[in-house]
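Raw contents of protein_38.cif, mmCIF, C-alpha atoms:
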```cif
data_entry
#
loop_
_atom_site.label_atom_id
_atom_site.label_comp_id
_atom_site.auth_asym_id
_atom_site.auth_seq_id
_atom_site.Cartn_x
_atom_site.Cartn_y
_atom_site.Cartn_z
CA MET X 1 -0.24 9.57 41.43
CA ARG X 2 -0.64 10.23 37.71
CA SER X 3 -3.74 8.59 36.24
CA VAL X 4 -4.07 7.03 32.80
CA VAL X 5 -7.47 6.14 31.35
CA LEU X 6 -7.53 3.13 29.03
CA ALA X 7 -10.73 3.45 26.98
CA ILE X 8 -11.68 0.21 25.28
CA THR X 9 -14.16 -0.60 22.54
CA GLY X 10 -14.68 -4.17 21.37
CA THR X 11 -14.47 -7.79 22.44
CA LEU X 12 -12.36 -9.65 24.99
CA GLY X 13 -9.71 -9.79 22.29
CA ASP X 14 -9.60 -5.99 22.44
CA LEU X 15 -9.79 -5.86 26.23
CA HIS X 16 -6.97 -8.27 27.06
CA PRO X 17 -4.11 -6.23 25.50
CA PHE X 18 -5.27 -3.17 27.44
CA VAL X 19 -5.41 -5.11 30.70
CA SER X 20 -1.85 -6.24 30.03
CA LEU X 21 -0.85 -2.63 29.38
CA ALA X 22 -2.65 -1.45 32.53
CA LEU X 23 -0.65 -3.93 34.62
CA GLN X 24 2.58 -2.57 33.15
CA LEU X 25 1.51 1.01 33.81
CA ARG X 26 0.80 0.11 37.43
CA ALA X 27 4.27 -1.39 37.71
CA HIS X 28 5.62 2.05 36.72
CA GLY X 29 3.83 3.68 39.65
CA LEU X 30 0.94 5.08 37.59
CA ARG X 31 -2.77 4.67 38.27
CA PRO X 32 -4.45 3.02 35.28
CA ILE X 33 -8.24 3.18 35.02
CA VAL X 34 -9.86 0.79 32.58
CA ALA X 35 -12.97 2.35 31.01
CA ALA X 36 -15.05 -0.32 29.29
CA MET X 37 -18.52 -1.79 29.24
CA GLU X 38 -19.87 -3.12 32.55
CA ASP X 39 -19.62 -6.72 31.37
CA TYR X 40 -15.82 -6.58 31.67
CA ARG X 41 -15.74 -5.33 35.27
CA ALA X 42 -15.00 -8.74 36.79
CA VAL X 43 -12.08 -9.39 34.42
CA VAL X 44 -10.49 -6.03 35.22
CA GLU X 45 -11.10 -5.96 38.96
CA ALA X 46 -9.75 -9.51 39.31
CA GLU X 47 -6.36 -7.94 38.54
CA GLY X 48 -6.85 -5.26 41.21
CA LEU X 49 -7.22 -2.56 38.56
CA ALA X 50 -9.58 0.42 38.78
CA PHE X 51 -12.64 0.10 36.55
CA HIS X 52 -15.06 2.67 35.16
CA ALA X 53 -18.18 1.48 33.34
CA VAL X 54 -18.94 2.97 29.93
CA ARG X 55 -22.30 2.36 28.30
CA PRO X 56 -23.63 0.71 26.25
CA GLY X 57 -23.05 -2.81 27.49
CA ASN X 58 -25.01 -5.98 27.14
CA ARG X 59 -27.70 -4.62 29.46
CA GLU X 60 -28.40 -1.70 27.13
CA MET X 61 -28.21 -3.97 24.10
CA GLU X 62 -30.77 -6.35 25.58
CA ALA X 63 -33.06 -3.44 26.46
CA ALA X 64 -32.93 -2.53 22.77
CA GLY X 65 -33.90 -6.08 21.83
CA LEU X 66 -30.40 -7.26 20.91
CA ASP X 67 -28.63 -10.19 22.52
CA GLU X 68 -24.98 -11.08 21.93
CA ALA X 69 -25.86 -13.44 19.08
CA ALA X 70 -27.85 -10.74 17.28
CA VAL X 71 -25.02 -8.24 17.68
CA ALA X 72 -22.46 -10.78 16.44
CA CYS X 73 -24.55 -11.65 13.38
CA ALA X 74 -25.10 -7.98 12.54
CA VAL X 75 -21.50 -6.88 12.97
CA THR X 76 -19.93 -9.86 11.24
CA GLY X 77 -22.27 -9.25 8.33
CA ASP X 78 -21.43 -5.54 8.00
CA LEU X 79 -18.87 -3.70 10.14
CA ARG X 80 -20.87 -0.47 9.85
CA ALA X 81 -23.71 -2.19 11.69
CA GLY X 82 -21.59 -1.93 14.83
CA PHE X 83 -21.78 1.85 14.67
CA ASP X 84 -25.49 1.74 13.93
CA ILE X 85 -25.89 -0.29 17.14
CA MET X 86 -23.66 1.94 19.29
CA LEU X 87 -24.55 5.44 18.11
CA PRO X 88 -28.08 5.55 19.60
CA HIS X 89 -26.33 5.37 22.98
CA LEU X 90 -23.87 8.17 22.16
CA ALA X 91 -25.11 10.48 24.94
CA LEU X 92 -24.55 7.75 27.55
CA THR X 93 -21.09 7.00 26.19
CA LEU X 94 -20.19 10.68 26.21
CA ASN X 95 -21.30 11.22 29.82
CA ASP X 96 -19.52 8.11 31.09
CA LEU X 97 -16.26 8.99 29.36
CA ARG X 98 -16.39 12.65 30.38
CA ALA X 99 -16.64 11.61 34.01
CA VAL X 100 -13.48 9.52 33.94
CA ILE X 101 -11.36 11.49 31.45
CA ALA X 102 -11.84 14.86 33.17
CA GLY X 103 -9.21 14.14 35.82
CA ALA X 104 -6.83 12.05 33.71
CA ASP X 105 -3.27 12.88 32.77
CA LEU X 106 -3.37 10.78 29.59
CA VAL X 107 -5.86 8.68 27.61
CA ILE X 108 -4.98 5.48 25.79
CA CYS X 109 -7.56 4.06 23.42
CA GLY X 110 -8.02 1.81 20.42
CA THR X 111 -8.43 2.91 16.84
CA LEU X 112 -12.23 2.51 17.01
CA SER X 113 -12.61 4.46 20.30
CA ALA X 114 -13.69 7.65 18.53
CA VAL X 115 -15.71 9.14 21.39
CA ALA X 116 -12.88 8.70 23.90
CA ARG X 117 -10.48 10.54 21.59
CA ILE X 118 -12.98 13.36 21.05
CA VAL X 119 -13.67 13.77 24.78
CA ALA X 120 -9.94 13.79 25.54
CA GLU X 121 -9.26 16.35 22.82
CA ALA X 122 -12.00 18.61 24.16
CA ALA X 123 -10.60 18.27 27.69
CA GLY X 124 -7.04 18.99 26.57
CA VAL X 125 -5.82 15.56 27.68
CA PRO X 126 -3.11 13.97 25.50
CA VAL X 127 -4.10 10.83 23.61
CA VAL X 128 -2.20 7.68 22.65
CA THR X 129 -3.85 5.31 20.17
CA ILE X 130 -3.13 1.59 20.15
CA ALA X 131 -3.34 -0.16 16.76
CA LEU X 132 -3.95 -3.80 17.58
CA GLN X 133 -3.81 -4.92 13.95
CA PRO X 134 -1.94 -3.85 10.79
CA MET X 135 -5.21 -3.14 8.99
CA SER X 136 -5.71 -0.17 11.35
CA PHE X 137 -3.34 1.96 9.30
CA LEU X 138 -5.38 1.59 6.09
CA SER X 139 -2.19 2.04 4.13
CA VAL X 140 -2.39 3.26 0.55
CA ALA X 141 1.13 2.05 -0.22
CA GLU X 142 0.53 -1.39 1.32
CA PRO X 143 -3.25 -1.91 1.38
CA PRO X 144 -4.66 -4.67 3.58
CA ALA X 145 -6.69 -7.64 2.43
CA MET X 146 -10.32 -6.83 3.25
CA ARG X 147 -13.49 -8.84 2.75
CA GLU X 148 -15.16 -5.77 1.24
CA MET X 149 -12.30 -5.10 -1.21
CA PRO X 150 -10.16 -8.24 -1.49
CA PHE X 151 -8.64 -6.99 -4.73
CA LEU X 152 -6.85 -3.99 -3.15
CA PRO X 153 -3.32 -5.45 -2.88
CA VAL X 154 -3.37 -6.62 -6.50
CA LEU X 155 -4.92 -3.33 -7.65
CA ARG X 156 -2.16 -1.40 -5.89
CA LYS X 157 0.49 -3.40 -7.76
CA THR X 158 -1.13 -3.06 -11.16
CA CYS X 159 -2.64 0.44 -11.04
CA GLY X 160 -0.69 2.30 -8.36
CA PRO X 161 -1.65 3.97 -5.08
CA GLY X 162 -3.93 6.58 -6.65
CA VAL X 163 -6.68 4.03 -7.33
CA VAL X 164 -6.46 2.70 -3.76
CA ARG X 165 -6.72 6.24 -2.40
CA LEU X 166 -9.80 6.83 -4.53
CA LEU X 167 -11.49 3.65 -3.31
CA TYR X 168 -10.75 4.56 0.30
CA ALA X 169 -12.33 7.97 -0.30
CA MET X 170 -15.41 6.39 -1.85
CA ALA X 171 -15.80 3.98 1.08
CA SER X 172 -15.38 6.87 3.52
CA ALA X 173 -18.06 8.89 1.75
CA GLN X 174 -20.41 5.92 1.77
CA GLY X 175 -20.05 5.50 5.53
CA ARG X 176 -20.18 9.20 6.40
CA PRO X 177 -23.97 9.42 6.94
CA SER X 178 -23.84 6.78 9.69
CA MET X 179 -21.06 8.72 11.44
CA ARG X 180 -22.84 12.08 11.44
CA PRO X 181 -23.71 11.91 15.16
CA VAL X 182 -19.98 11.66 15.91
CA ALA X 183 -19.26 14.63 13.62
CA TRP X 184 -21.97 16.61 15.42
CA LEU X 185 -20.35 15.67 18.73
CA ARG X 186 -17.08 17.26 17.61
CA ARG X 187 -18.98 20.37 16.58
CA ASP X 188 -20.91 20.60 19.86
CA LEU X 189 -17.66 20.32 21.84
CA GLY X 190 -16.09 23.13 19.81
CA LEU X 191 -13.61 20.92 17.99
CA PRO X 192 -12.56 21.31 14.35
CA ALA X 193 -14.22 19.00 11.85
CA VAL X 194 -12.32 16.05 10.41
CA ARG X 195 -12.99 14.30 7.13
CA ASP X 196 -13.39 10.81 8.59
CA GLU X 197 -13.30 10.26 12.34
CA LEU X 198 -12.29 6.61 12.11
CA VAL X 199 -9.38 7.32 9.76
CA ASP X 200 -8.29 10.83 10.74
CA GLY X 201 -9.09 10.59 14.46
CA PRO X 202 -6.23 8.24 15.36
CA ARG X 203 -3.82 10.38 13.31
CA ARG X 204 -4.52 13.29 15.67
CA SER X 205 -3.06 11.27 18.56
CA GLU X 206 0.24 12.27 20.10
CA ARG X 207 1.54 8.77 19.54
CA ILE X 208 0.28 5.64 17.76
CA PHE X 209 1.68 2.31 18.88
CA ALA X 210 1.36 -0.83 16.78
CA MET X 211 0.86 -3.59 19.34
CA TYR X 212 2.48 -6.24 17.19
CA PRO X 213 6.12 -6.78 16.20
CA PRO X 214 7.75 -5.84 12.89
CA ALA X 215 8.38 -9.57 12.40
CA PHE X 216 4.62 -9.96 11.95
CA ALA X 217 4.03 -6.71 10.06
CA PRO X 218 6.43 -3.74 9.79
CA LEU X 219 4.87 -0.30 9.79
CA PRO X 220 3.77 0.69 6.28
CA VAL X 221 5.89 3.32 4.57
CA ASP X 222 2.99 5.79 4.71
CA ALA X 223 2.25 5.32 8.41
CA PRO X 224 1.85 8.57 10.39
CA ALA X 225 5.11 10.07 11.60
CA GLN X 226 4.16 9.51 15.25
CA ALA X 227 3.60 5.76 14.74
CA ARG X 228 5.93 3.27 16.46
CA SER X 229 6.16 -0.51 16.52
CA ALA X 230 5.89 -2.25 19.87
CA GLY X 231 5.06 -5.96 20.17
CA PHE X 232 2.27 -8.39 20.93
CA ALA X 233 0.41 -8.52 24.24
CA TYR X 234 0.02 -12.11 25.41
CA TYR X 235 -2.38 -11.66 28.32
CA ASP X 236 -5.31 -14.05 28.06
CA GLY X 237 -6.91 -13.81 31.48
CA ARG X 238 -5.73 -14.54 34.99
CA ASP X 239 -5.89 -18.29 34.30
CA GLY X 240 -3.09 -17.77 31.81
CA THR X 241 -0.76 -16.70 34.64
CA THR X 242 -1.43 -19.62 36.99
CA GLY X 243 0.27 -22.29 34.90
CA THR X 244 -2.60 -24.77 35.14
CA LEU X 245 -5.46 -25.80 32.88
CA ASP X 246 -8.89 -27.08 33.81
CA SER X 247 -8.39 -30.58 35.21
CA ALA X 248 -10.58 -32.29 32.60
CA LEU X 249 -8.77 -30.55 29.76
CA ALA X 250 -5.38 -31.31 31.29
CA ALA X 251 -6.32 -34.98 31.58
CA PHE X 252 -7.42 -35.05 27.94
CA LEU X 253 -4.12 -33.53 26.80
CA ALA X 254 -2.14 -36.03 28.84
CA ALA X 255 -4.07 -38.99 27.41
CA GLY X 256 -2.69 -38.84 23.87
CA PRO X 257 -0.78 -36.96 21.18
CA PRO X 258 -1.12 -33.18 20.65
CA PRO X 259 -4.63 -32.36 19.42
CA LEU X 260 -5.98 -29.93 16.90
CA VAL X 261 -7.47 -26.89 18.64
CA PHE X 262 -10.52 -25.27 17.04
CA THR X 263 -11.55 -21.82 18.30
CA LEU X 264 -13.46 -18.76 17.12
CA GLY X 265 -12.37 -16.45 19.94
CA SER X 266 -14.87 -14.77 22.25
CA PHE X 267 -17.14 -13.03 19.74
CA VAL X 268 -17.55 -15.10 16.58
CA THR X 269 -18.65 -18.04 18.80
CA TYR X 270 -22.03 -16.27 18.87
CA ALA X 271 -22.30 -16.65 15.07
CA PRO X 272 -20.30 -19.84 14.35
CA GLY X 273 -22.46 -21.38 11.65
CA ASN X 274 -21.56 -25.08 11.36
CA PHE X 275 -17.88 -24.55 12.22
CA TYR X 276 -17.76 -26.85 15.23
CA THR X 277 -19.84 -29.70 13.85
CA VAL X 278 -17.79 -29.68 10.64
CA SER X 279 -14.57 -29.47 12.64
CA ALA X 280 -15.46 -32.55 14.68
CA ARG X 281 -16.05 -34.53 11.48
CA VAL X 282 -12.80 -33.27 9.97
CA ALA X 283 -10.79 -34.27 13.05
CA ARG X 284 -12.26 -37.78 12.98
CA ARG X 285 -11.61 -38.09 9.27
CA LEU X 286 -7.99 -37.04 9.78
CA GLY X 287 -7.65 -39.50 12.66
CA ARG X 288 -6.65 -36.64 14.98
CA ARG X 289 -7.62 -35.76 18.50
CA ALA X 290 -9.25 -32.35 18.86
CA ILE X 291 -10.34 -29.72 21.34
CA LEU X 292 -13.30 -27.52 20.44
CA LEU X 293 -13.43 -24.19 22.30
CA VAL X 294 -17.08 -23.31 21.74
CA GLY X 295 -17.67 -20.52 24.30
CA GLN X 296 -19.17 -20.92 27.77
CA HIS X 297 -22.61 -19.94 26.49
CA ALA X 298 -22.66 -22.81 23.96
CA LEU X 299 -21.32 -25.73 26.00
CA GLY X 300 -24.68 -27.45 26.29
CA GLY X 301 -25.39 -27.20 22.59
CA TYR X 302 -22.16 -28.93 21.59
CA ALA X 303 -21.86 -31.49 24.38
CA GLY X 304 -22.91 -34.19 21.94
CA LEU X 305 -19.74 -33.71 19.90
CA ALA X 306 -17.54 -34.89 22.77
CA SER X 307 -15.94 -38.33 22.60
CA ALA X 308 -12.80 -40.12 23.70
CA ASP X 309 -10.85 -38.21 21.03
CA ILE X 310 -12.73 -34.90 21.03
CA ALA X 311 -12.97 -32.59 24.03
CA VAL X 312 -15.51 -29.76 24.16
CA ALA X 313 -14.70 -26.79 26.38
CA GLY X 314 -16.00 -23.28 26.77
CA TYR X 315 -12.62 -21.58 27.05
CA ALA X 316 -9.00 -22.32 27.91
CA PRO X 317 -6.09 -19.89 28.26
CA HIS X 318 -4.40 -19.96 24.87
CA SER X 319 -0.97 -19.40 26.42
CA LEU X 320 -1.30 -22.75 28.23
CA LEU X 321 -3.13 -24.72 25.55
CA PHE X 322 -1.57 -23.78 22.21
CA PRO X 323 2.00 -24.96 22.99
CA ARG X 324 0.48 -28.44 23.44
CA ALA X 325 -1.45 -28.37 20.16
CA ALA X 326 -0.59 -29.92 16.80
CA ALA X 327 -2.23 -26.98 15.01
CA VAL X 328 -4.64 -24.15 15.76
CA ILE X 329 -7.70 -23.64 13.59
CA GLN X 330 -8.99 -20.15 14.30
CA HIS X 331 -10.80 -17.05 13.06
CA GLY X 332 -7.79 -14.76 12.59
CA GLY X 333 -8.29 -12.49 15.61
CA MET X 334 -5.08 -10.81 16.74
CA GLY X 335 -5.05 -12.25 20.26
CA THR X 336 -5.43 -15.81 19.02
CA THR X 337 -2.99 -15.19 16.17
CA ALA X 338 -0.35 -13.85 18.56
CA GLN X 339 -0.68 -16.81 20.93
CA ALA X 340 -0.40 -19.32 18.09
CA LEU X 341 2.68 -17.54 16.74
CA ARG X 342 4.27 -17.57 20.19
CA ALA X 343 3.49 -21.28 20.55
CA GLY X 344 5.19 -21.99 17.23
CA VAL X 345 2.36 -24.10 15.80
CA PRO X 346 0.88 -24.02 12.27
CA GLN X 347 -2.53 -22.47 11.74
CA LEU X 348 -5.61 -22.77 9.58
CA VAL X 349 -7.25 -19.35 9.53
CA CYS X 350 -10.99 -19.09 8.87
CA PRO X 351 -11.63 -15.32 8.65
CA PHE X 352 -15.16 -13.99 9.01
CA PHE X 353 -15.03 -10.19 9.34
CA GLY X 354 -12.88 -7.13 9.96
CA ASP X 355 -9.12 -7.50 10.20
CA GLN X 356 -9.27 -11.31 10.19
CA PHE X 357 -8.86 -11.52 6.41
CA ASP X 358 -5.72 -9.38 6.45
CA ASN X 359 -4.26 -11.24 9.43
CA GLY X 360 -4.85 -14.54 7.68
CA GLN X 361 -3.10 -13.41 4.51
CA ARG X 362 -0.12 -12.17 6.54
CA LEU X 363 0.17 -15.54 8.27
CA LYS X 364 -0.04 -17.26 4.91
CA ARG X 365 2.76 -15.07 3.51
CA LEU X 366 4.86 -15.91 6.57
CA GLY X 367 4.50 -19.58 5.62
CA VAL X 368 2.81 -20.70 8.85
CA ALA X 369 -0.83 -20.93 7.79
CA ARG X 370 -3.43 -21.77 5.21
CA VAL X 371 -6.68 -19.81 4.81
CA VAL X 372 -10.28 -20.96 4.28
CA ARG X 373 -13.01 -18.37 4.73
CA LEU X 374 -15.40 -19.25 7.51
CA LYS X 375 -18.39 -18.88 5.18
CA ARG X 376 -16.78 -21.44 2.82
CA TYR X 377 -15.66 -23.75 5.64
CA SER X 378 -16.77 -27.25 4.70
CA GLU X 379 -15.60 -30.73 5.57
CA LYS X 380 -13.99 -31.12 2.15
CA ARG X 381 -12.12 -27.79 2.22
CA ALA X 382 -11.06 -28.03 5.86
CA PHE X 383 -9.87 -31.62 5.44
CA ALA X 384 -7.82 -30.75 2.36
CA ALA X 385 -6.26 -27.66 3.98
CA LEU X 386 -5.39 -29.42 7.24
CA HIS X 387 -4.11 -32.50 5.42
CA ARG X 388 -1.63 -30.34 3.49
CA LEU X 389 -0.77 -28.31 6.59
CA LEU X 390 -0.09 -31.29 8.83
CA ASP X 391 1.41 -33.79 6.42
CA THR X 392 4.20 -31.49 5.23
CA PRO X 393 6.65 -30.27 7.86
CA VAL X 394 7.33 -26.89 6.24
CA ALA X 395 4.64 -24.87 8.06
CA THR X 396 5.46 -26.44 11.42
CA GLN X 397 9.18 -25.82 11.01
CA ARG X 398 8.55 -22.27 9.85
CA ALA X 399 6.26 -21.60 12.83
CA ARG X 400 8.90 -22.83 15.26
CA THR X 401 11.58 -20.76 13.56
CA LEU X 402 9.53 -17.57 13.70
CA ALA X 403 8.35 -17.92 17.30
CA PRO X 404 11.38 -16.19 18.92
CA ALA X 405 11.01 -13.13 16.68
CA MET X 406 7.34 -12.86 17.62
CA THR X 407 8.14 -12.73 21.35
CA ARG X 408 11.25 -10.56 21.29
CA ASP X 409 9.37 -7.29 21.88
CA ASP X 410 7.04 -6.91 24.87
CA GLY X 411 4.45 -4.50 23.52
CA PRO X 412 2.76 -3.50 26.79
CA ALA X 413 6.13 -3.02 28.52
CA ILE X 414 7.44 -0.83 25.68
CA ILE X 415 4.31 1.33 25.65
CA ALA X 416 4.13 1.64 29.44
CA SER X 417 7.76 2.71 29.59
CA TRP X 418 7.12 5.44 27.03
CA VAL X 419 4.00 6.63 28.90
CA ALA X 420 5.82 6.77 32.21
CA GLU X 421 8.63 8.80 30.67
CA ARG X 422 6.13 11.07 28.91
CA LEU X 423 4.24 11.82 32.12
CA ALA X 424 7.43 12.30 34.12
CA HIS X 425 8.57 14.85 31.56
CA GLN X 426 5.18 16.56 31.79
CA THR X 427 5.58 16.76 35.58
CA ASP X 428 9.07 18.22 35.25
CA GLN X 429 7.78 20.91 32.90
CA ARG X 430 5.05 21.86 35.37
CA LEU X 431 7.57 22.12 38.20
CA VAL X 432 9.80 24.37 36.10
CA ALA X 433 6.83 26.55 35.19
#
```
Just give me the structure of the file as structure tokens.
Amino acid sequence: MRSVVLAITGTLGDLHPFVSLALQLRAHGLRPIVAAMEDYRAVVEAEGLAFHAVRPGNREMEAAGLDEAAVACAVTGDLRAGFDIMLPHLALTLNDLRAVIAGADLVICGTLSAVARIVAEAAGVPVVTIALQPMSFLSVAEPPAMREMPFLPVLRKTCGPGVVRLLYAMASAQGRPSMRPVAWLRRDLGLPAVRDELVDGPRRSERIFAMYPPAFAPLPVDAPAQARSAGFAYYDGRDGTTGTLDSALAAFLAAGPPPLVFTLGSFVTYAPGNFYTVSARVARRLGRRAILLVGQHALGGYAGLASADIAVAGYAPHSLLFPRAAAVIQHGGMGTTAQALRAGVPQLVCPFFGDQFDNGQRLKRLGVARVVRLKRYSEKRAFAALHRLLDTPVATQRARTLAPAMTRDDGPAIIASWVAERLAHQTDQRLVA
């Protein structure tokens, strides 16, 4: 049986699309092996999938004096801090990935999984990169909206692509010192140097799949030639396949009109600021019922916000909850964004870091969302944004209209089909040889 290693870096929002893809690969008769930090073992093995632990995980982070809240605060403050946290463990990551990639027929990884790509390249194993968000392409022709350089789209229109290219180069040069250990890893494995591993690494892949539909964001005109559009992955845990919600949450939903759902995903909940306390006040001021998804770790701290009209829960499968919501107020992560688009409900996006700013602007341009930065999220701003969003039917109608286009393409199925065909062709070539 041909084996495919899915090497994952990131949060549950990064893991879930790969689990969905692994299930599709298994349906094609392949053996997927999910390589991720130990903390995700239970999620993966619950689906009957093979799992291989890759350090560092939370255990190594805690040994270094960092808990999940500290990591979240550092990374959401400066994306480069994530690499500063991970790179001291580079030798562990290398050894763990070498062990699983050595016998693989193909490696599939995310755009940030630099070490997995390097190990696969050194082992002569073909690589497929999954771009979970449009920002991954760092297009010069169609630059994303970024917290660090929010002016890029306007600058591109007024000054042309040359200025954008220059700013990208300057940002790359600024971050190069922190990525030197990765550059040294390429050298030690006998691989040619690349200018910027995070930008140029994915472009060395045999194929790049955008795991979102063109209806959300078509490929930019300067995307690599091997890039292809696929579609969203809607997996959100095994609970999302059972068709039932937690009994208390189900009872709350049945007791009144569709509520507002407030969520910050699985990662930003460790650095939420006053989001949930403000949100509870906003919901009451609007006269709306609400559900606050605060994260399992924070349930005790927010229990006091619960009332007859406000439910506090750690987590609920978005695929089951969002279709019953009046609106989704969220951080702009791709998994949450995809589920809200599929549900056909309007959104208030409160971006905090990374691709969330670009995702929010794309939703705004689609006419289904308003945007308030999480750091500027206040009762006044949130009330005004939600009042406009909910009291005019345009966003709701637009969200319902767009929903079919967002679900037309099954991203994991498209990618798995291509992988199966690719590996079958590889087998045929070996037999001929």
Gap from atom CA of Phe151 of chain X to atom CA of Leu167 of chain X - Å, one decimal: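 That distance, rounded to one decimal, is 11.1 Å.
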Cut-off 12 Å: closest segment 219-331 of chain X/segment 402-405 of chain X atom pairs per residue, using only C-alpha atoms, as CSV:
```
residue,atom,partner,partner_atom,distance
X:Gly231,CA,X:Ala405,CA,9.9
X:Phe232,CA,X:Ala405,CA,10.8
X:Pro323,CA,X:Ala403,CA,11.1
```
Non-local contacts of Gly360 of chain X (10 Å; all atoms listed in the file; under 5 positions in same chain excluded) as an MDAnalysis selection string: chainID X and resid 145 330:334 337 347:351 355 365:366 368:373
Residues in the PyMOL selection byres ((chain X and resi 27) around 12), expressed as a list in words: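 This file gives the following for the PyMOL selection byres ((chain X and resi 27) around 12): Ser20, Leu21, Ala22, Leu23, Gln24, Leu25, Arg26, His28, Gly29, Leu30, Arg31, Pro32, Leu49, Pro412, Ala413, Ala416, Ser417, Val419 and Ala420 of chain X.
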Keeping C-alpha atoms, export the residues of the selection given above as an mmCIF file, in the coordinates of the input.
```cif
data_model
loop_
_atom_site.group_PDB
_atom_site.id
_atom_site.type_symbol
_atom_site.label_atom_id
_atom_site.label_comp_id
_atom_site.auth_asym_id
_atom_site.auth_seq_id
_atom_site.Cartn_x
_atom_site.Cartn_y
_atom_site.Cartn_z
ATOM 1 C CA SER X 20 -1.850 -6.240 30.030
ATOM 2 C CA LEU X 21 -0.850 -2.630 29.380
ATOM 3 C CA ALA X 22 -2.650 -1.450 32.530
ATOM 4 C CA LEU X 23 -0.650 -3.930 34.620
ATOM 5 C CA GLN X 24 2.580 -2.570 33.150
ATOM 6 C CA LEU X 25 1.510 1.010 33.810
ATOM 7 C CA ARG X 26 0.800 0.110 37.430
ATOM 8 C CA HIS X 28 5.620 2.050 36.720
ATOM 9 C CA GLY X 29 3.830 3.680 39.650
ATOM 10 C CA LEU X 30 0.940 5.080 37.590
ATOM 11 C CA ARG X 31 -2.770 4.670 38.270
ATOM 12 C CA PRO X 32 -4.450 3.020 35.280
ATOM 13 C CA LEU X 49 -7.220 -2.560 38.560
ATOM 14 C CA PRO X 412 2.760 -3.500 26.790
ATOM 15 C CA ALA X 413 6.130 -3.020 28.520
ATOM 16 C CA ALA X 416 4.130 1.640 29.440
ATOM 17 C CA SER X 417 7.760 2.710 29.590
ATOM 18 C CA VAL X 419 4.000 6.630 28.900
ATOM 19 C CA ALA X 420 5.820 6.770 32.210
#
```
Surrounding residues of Val221 of chain X excluding itself and chain neighbours under 6 positions, 12 Å, all atoms listed in the file, as an MDAnalysis selection string: chainID X and resid 137:143 227:228
Residue nearest Ala102 of chain X among X:Asp309, X:Asp84, X:Glu45, X:Glu121 (counting only C-alpha atoms):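 Of the candidates, the smallest distance to Ala102 of chain X is held by X:Glu121.
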